[in-house]
file work_2.txt (compact mmCIF, C-alpha atoms)
# COMPACT_ATOMS: atom_id res chain seq x y z
CA MET K 1 25.22 -16.38 -27.96
CA GLN K 2 22.47 -13.81 -28.38
CA SER K 3 18.97 -14.97 -29.32
CA LYS K 4 17.47 -13.81 -32.57
CA SER K 5 14.59 -11.38 -32.09
CA HIS K 6 11.11 -12.24 -33.29
CA SER K 7 9.58 -10.03 -35.98
CA ASP K 8 7.03 -8.91 -33.34
CA HIS K 9 9.86 -7.13 -31.51
CA GLN K 10 8.62 -4.06 -33.41
CA PHE K 11 5.68 -3.91 -30.96
CA ILE K 12 8.09 -3.80 -28.03
CA GLN K 13 9.94 -0.94 -29.72
CA ALA K 14 6.66 0.90 -30.31
CA LEU K 15 5.81 0.69 -26.62
CA LEU K 16 9.27 1.79 -25.52
CA GLU K 17 9.34 4.71 -27.94
CA ASN K 18 5.68 5.61 -27.32
CA ASN K 19 5.16 5.37 -31.08
CA ARG K 20 1.53 6.24 -31.75
CA GLU K 21 1.20 4.19 -34.96
CA GLY K 22 2.96 1.19 -33.44
CA ILE K 23 0.78 1.27 -30.32
CA LYS K 24 -2.29 1.60 -32.54
CA ALA K 25 -1.14 -1.59 -34.31
CA VAL K 26 -0.75 -3.36 -30.94
CA TYR K 27 -4.38 -2.52 -30.13
CA GLN K 28 -5.52 -3.51 -33.61
CA TYR K 29 -3.81 -6.91 -33.62
CA PHE K 30 -4.04 -8.02 -29.98
CA MET K 31 -6.98 -6.29 -28.26
CA LYS K 32 -9.60 -8.70 -29.62
CA GLU K 33 -7.98 -11.68 -27.88
CA CYS K 34 -7.88 -9.81 -24.58
CA ILE K 35 -11.57 -8.85 -24.89
CA GLY K 36 -12.49 -12.46 -25.64
CA PHE K 37 -10.50 -13.72 -22.66
CA VAL K 38 -11.98 -11.20 -20.22
CA GLN K 39 -15.54 -11.74 -21.46
CA LYS K 40 -15.15 -15.53 -21.11
CA ASN K 41 -14.06 -14.89 -17.52
CA ASN K 42 -16.97 -12.76 -16.25
CA GLY K 43 -15.80 -9.40 -17.55
CA THR K 44 -16.98 -6.69 -19.90
CA VAL K 45 -15.43 -4.97 -22.88
CA GLU K 46 -14.70 -1.97 -20.63
CA ASP K 47 -12.92 -4.27 -18.17
CA ALA K 48 -10.88 -5.69 -21.04
CA LEU K 49 -9.87 -2.22 -22.23
CA ASP K 50 -8.64 -1.37 -18.74
CA ILE K 51 -6.78 -4.66 -18.36
CA PHE K 52 -5.24 -4.37 -21.82
CA GLN K 53 -3.96 -0.88 -21.09
CA GLU K 54 -2.59 -1.96 -17.69
CA SER K 55 -0.89 -4.91 -19.40
CA LEU K 56 0.85 -2.66 -21.90
CA LYS K 57 2.03 -0.42 -19.05
CA ALA K 58 3.29 -3.46 -17.15
CA ILE K 59 5.14 -4.75 -20.23
CA THR K 60 6.72 -1.35 -20.80
CA LEU K 61 7.91 -1.18 -17.18
CA TYR K 62 9.14 -4.77 -17.36
CA ILE K 63 11.19 -4.09 -20.49
CA ARG K 64 12.56 -0.74 -19.32
CA LYS K 65 14.06 -2.55 -16.34
CA ARG K 66 15.74 -4.96 -18.78
CA PRO K 67 17.44 -2.89 -21.52
CA GLU K 68 18.97 -6.04 -23.00
CA PHE K 69 15.52 -7.62 -23.49
CA ILE K 70 14.85 -9.20 -26.88
CA LEU K 71 11.45 -10.61 -27.82
CA THR K 72 11.99 -14.13 -29.16
CA VAL K 73 8.34 -15.27 -29.20
CA PRO K 74 5.19 -13.83 -30.81
CA PHE K 75 4.01 -10.68 -29.03
CA GLY K 76 0.55 -12.17 -28.38
CA GLY K 77 2.11 -15.04 -26.46
CA PHE K 78 4.23 -12.61 -24.46
CA LEU K 79 1.23 -10.33 -23.76
CA TYR K 80 -1.19 -13.09 -22.67
CA PRO K 81 0.29 -13.86 -19.23
CA PHE K 82 0.25 -10.16 -18.38
CA TYR K 83 -3.46 -9.61 -19.04
CA ARG K 84 -4.38 -13.04 -17.68
CA SER K 85 -2.64 -12.34 -14.40
CA LEU K 86 -4.04 -8.81 -14.09
CA TRP K 87 -7.59 -9.98 -14.84
CA PHE K 88 -7.49 -12.82 -12.31
CA LYS K 89 -6.13 -10.43 -9.66
CA GLU K 90 -9.02 -8.06 -10.47
CA LEU K 91 -11.58 -10.90 -10.17
CA LYS K 92 -10.10 -11.89 -6.81
CA ARG K 93 -10.26 -8.28 -5.61
CA ARG K 94 -13.87 -7.97 -6.72
CA GLN K 95 -14.80 -11.16 -4.93
CA GLN K 96 -13.18 -9.94 -1.71
CA GLU K 97 -14.92 -6.59 -2.00
CA SER K 98 -18.26 -8.32 -2.62
CA VAL K 99 -17.82 -10.49 0.48
CA ILE K 100 -16.93 -7.47 2.61
CA LYS K 101 -19.92 -5.49 1.36
CA SER K 102 -22.31 -8.38 2.07
CA GLU K 103 -20.81 -8.81 5.55
CA LEU K 104 -21.23 -5.08 6.25
CA LYS K 105 -24.85 -5.29 5.05
CA ALA K 106 -25.48 -8.36 7.25
CA TYR K 107 -23.96 -6.50 10.19
CA LYS K 108 -26.24 -3.54 9.54
CA ASP K 109 -29.31 -5.79 9.12
CA ASN K 110 -28.56 -7.71 12.33
CA ASN K 111 -28.29 -4.52 14.37
CA GLN K 112 -31.69 -3.12 13.44
CA ASP K 113 -34.39 -3.09 16.07
CA SER K 114 -37.24 -5.55 15.65
CA PHE K 115 -40.00 -2.98 16.08
CA ASN K 116 -41.49 -1.03 13.21
CA PRO K 117 -40.02 2.44 13.68
CA THR K 118 -41.61 5.68 12.59
CA ILE K 119 -39.97 7.78 9.90
CA GLU K 120 -38.50 10.08 12.56
CA GLU K 121 -37.07 7.12 14.48
CA GLU K 122 -35.61 5.69 11.25
CA ILE K 123 -33.96 9.04 10.48
CA ASN K 124 -32.51 9.14 14.00
CA GLN K 125 -31.22 5.57 13.66
CA ASP K 126 -29.69 6.34 10.29
CA GLN K 127 -28.09 9.49 11.70
CA LYS K 128 -26.63 7.51 14.60
CA ARG K 129 -25.27 4.86 12.22
CA LEU K 130 -23.82 7.57 9.99
CA ASN K 131 -22.18 9.30 12.96
CA LYS K 132 -20.76 5.99 14.15
CA LEU K 133 -19.45 5.23 10.65
CA LEU K 134 -17.88 8.69 10.35
CA GLN K 135 -16.17 8.23 13.74
CA GLN K 136 -14.83 4.85 12.63
CA LEU K 137 -13.61 6.35 9.34
CA LYS K 138 -11.61 8.89 11.33
CA GLY K 139 -9.75 5.96 12.90
CA LEU K 140 -8.44 4.91 9.47
CA SER K 141 -5.33 6.29 7.81
CA GLU K 142 -5.65 9.44 5.74
CA ILE K 143 -5.16 7.53 2.48
CA CYS K 144 -7.89 5.05 3.46
CA GLN K 145 -10.26 7.88 4.22
CA LYS K 146 -9.58 9.50 0.84
CA ILE K 147 -9.91 6.23 -1.10
CA LEU K 148 -13.19 5.31 0.59
CA GLN K 149 -14.62 8.80 0.21
CA LEU K 150 -13.77 8.96 -3.48
CA THR K 151 -15.00 5.40 -4.08
CA TYR K 152 -18.27 5.44 -2.20
CA TRP K 153 -19.32 9.07 -1.88
CA LYS K 154 -18.15 10.23 -5.29
CA ASN K 155 -18.49 6.86 -7.09
CA GLN K 156 -15.03 7.05 -8.64
CA LYS K 157 -13.16 4.02 -9.95
CA PRO K 158 -9.56 3.19 -8.98
CA ARG K 159 -8.27 4.42 -12.36
CA GLU K 160 -9.96 7.79 -11.69
CA ILE K 161 -8.66 8.00 -8.11
CA ALA K 162 -5.06 7.05 -8.94
CA PRO K 163 -4.02 10.38 -10.53
CA ILE K 164 -5.70 12.34 -7.74
CA LEU K 165 -3.65 10.53 -5.08
CA GLY K 166 -0.54 10.08 -7.21
CA ILE K 167 -0.55 6.27 -6.97
CA SER K 168 -1.36 3.42 -9.36
CA ALA K 169 -4.90 2.16 -9.96
CA ASN K 170 -3.84 -1.32 -8.82
CA TYR K 171 -2.56 0.14 -5.56
CA VAL K 172 -5.85 2.01 -5.07
CA ALA K 173 -7.87 -1.17 -5.65
CA ALA K 174 -5.74 -3.29 -3.31
CA HIS K 175 -5.62 -0.60 -0.65
CA LYS K 176 -9.40 -0.13 -0.84
CA VAL K 177 -9.88 -3.80 0.09
CA ARG K 178 -7.52 -3.40 3.07
CA CYS K 179 -9.30 -0.22 4.15
CA LEU K 180 -12.69 -1.93 4.05
CA LYS K 181 -11.32 -4.83 6.12
CA ASN K 182 -9.96 -2.39 8.72
CA LEU K 183 -13.28 -0.52 8.80
CA LYS K 184 -15.15 -3.80 9.23
CA LYS K 185 -12.90 -4.77 12.16
CA GLN K 186 -13.67 -1.44 13.81
CA MET K 187 -17.41 -1.94 13.34
CA LEU K 188 -17.42 -5.29 15.15

call {"tool": "encode", "arguments": {"input": "work_2.txt", "output": "structure tokens"}}
result
Amino acid sequence: MQSKSHSDHQFIQALLENNREGIKAVYQYFMKECIGFVQKNNGTVEDALDIFQESLKAITLYIRKRPEFILTVPFGGFLYPFYRSLWFKELKRRQQESVIKSELKAYKDNNQDSFNPTIEEEINQDQKRLNKLLQQLKGLSEICQKILQLTYWKNQKPREIAPILGISANYVAAHKVRCLKNLKKQML
């Protein structure tokens, strides 16, 4: 016996057919809840926009893999676990990145000499540290080098890096964390 589809199944169809008006309606009816959720959980409106868009992509991929899929619940209830899961993964990634950055800073602070160096000595120390860091970067995989360069030297976000490297923004973010961990191991 086949389940009866919910009237919100039209939103699923809009996503599958890339229907501009239907997708606009999805944003109009459901974006506010996502923004509220993300803001209540230490995020910004910009974060919510990113998460909402990633959620719609994830739903579209999920449904394309299941051609027999029929929405039997309200679309908002179906959408919620997608953006909730993606946002909590993002918060976890940010926390890990924050810990790694603070550990790298502590490592740098602990390795400074106790004397008060002159400007020339400071420049030499910075140059040595930079050379050491560049050598350690060369020990990382090519994708790690590219991700770290684009992230830290060019201040690009994972969603900006993804099309450059031909991978997803989530993969960039997760891989960045792994790359930083590998770099940290090399620095110790």

call {"tool": "residues_around", "arguments": {"input": "work_2.txt", "residues": "Tyr152 (chain K)", "least_positions_apart": "4", "cutoff": "12 Å", "atoms": "only C-alpha atoms", "output": "tab-separated table (two decimals) with C-alpha atoms, keeping the file's coordinate frame"}}
result
chain	number	residue	atom	x	y	z
K	101	LYS	CA	-19.92	-5.49	1.36
K	144	CYS	CA	-7.89	5.05	3.46
K	145	GLN	CA	-10.26	7.88	4.22
K	146	LYS	CA	-9.58	9.50	0.84
K	147	ILE	CA	-9.91	6.23	-1.10
K	148	LEU	CA	-13.19	5.31	0.59
K	156	GLN	CA	-15.03	7.05	-8.64
K	157	LYS	CA	-13.16	4.02	-9.95
K	158	PRO	CA	-9.56	3.19	-8.98
K	161	ILE	CA	-8.66	8.00	-8.11
K	176	LYS	CA	-9.40	-0.13	-0.84
K	180	LEU	CA	-12.69	-1.93	4.05

call {"tool": "closest_residue", "arguments": {"input": "work_2.txt", "among": "K:Arg129, K:Lys4, K:Lys138, K:Lys92", "to": "Val73 (chain K)", "atoms": "only C-alpha atoms"}}
result
K:Lys4

call {"tool": "closest_residue", "arguments": {"input": "work_2.txt", "among": "K:His6, K:Arg66, K:Arg84, K:Arg94", "to": "Ile35 (chain K)", "atoms": "all atoms listed in the file"}}
result
K:Arg84

call {"tool": "closest_residue", "arguments": {"input": "work_2.txt", "among": "K:Asp50, K:Lys89, K:Leu56, K:Lys40", "to": "Ile23 (chain K)", "atoms": "all atoms listed in the file"}}
result
K:Leu56

call {"tool": "atom_distance", "arguments": {"input": "work_2.txt", "atom1": "CA of Glu90 (chain K)", "atom2": "CA of Leu61 (chain K)"}}
result
19.5 Å

call {"tool": "residues_around", "arguments": {"input": "work_2.txt", "residues": "region 13-20 of chain K", "least_positions_apart": "3", "cutoff": "8 Å", "atoms": "only C-alpha atoms", "output": "ChimeraX atom specification"}}
result
/K:9-10,23-24,56,60,63-64

call {"tool": "closest_residue", "arguments": {"input": "work_2.txt", "among": "K:Pro67, K:Leu79, K:Ala173, K:Phe11", "to": "Gln53 (chain K)", "atoms": "all atoms listed in the file"}}
result
K:Leu79

call {"tool": "atom_distance", "arguments": {"input": "work_2.txt", "atom1": "CA of Gln95 (chain K)", "atom2": "CA of His175 (chain K)"}}
result
14.6 Å

call {"tool": "residues_around", "arguments": {"input": "work_2.txt", "residues": "Tyr80 (chain K)", "least_positions_apart": "3", "cutoff": "9 Å", "atoms": "all atoms listed in the file", "output": "list in words"}}
result
Glu33, Cys34, Ser55, Phe75, Gly76, Gly77, Tyr83, Arg84 and Ser85 of chain K

call {"tool": "axis_aligned_box", "arguments": {"input": "work_2.txt", "around": "region 17-32 of chain K", "padding_each_side": "5 Å", "output": "AutoDock Vina command-line options"}}
result
--center_x -0.1 --center_y -1.2 --center_z -31.1 --size_x 28.9 --size_y 24.9 --size_z 17.6

call {"tool": "closest_residue", "arguments": {"input": "work_2.txt", "among": "K:Ser141, K:Glu97, K:Gly22, K:Leu86", "to": "Leu49 (chain K)", "atoms": "only C-alpha atoms"}}
result
K:Leu86

call {"tool": "atom_distance", "arguments": {"input": "work_2.txt", "atom1": "CA of Thr151 (chain K)", "atom2": "CA of Val45 (chain K)"}}
result
21.5 Å
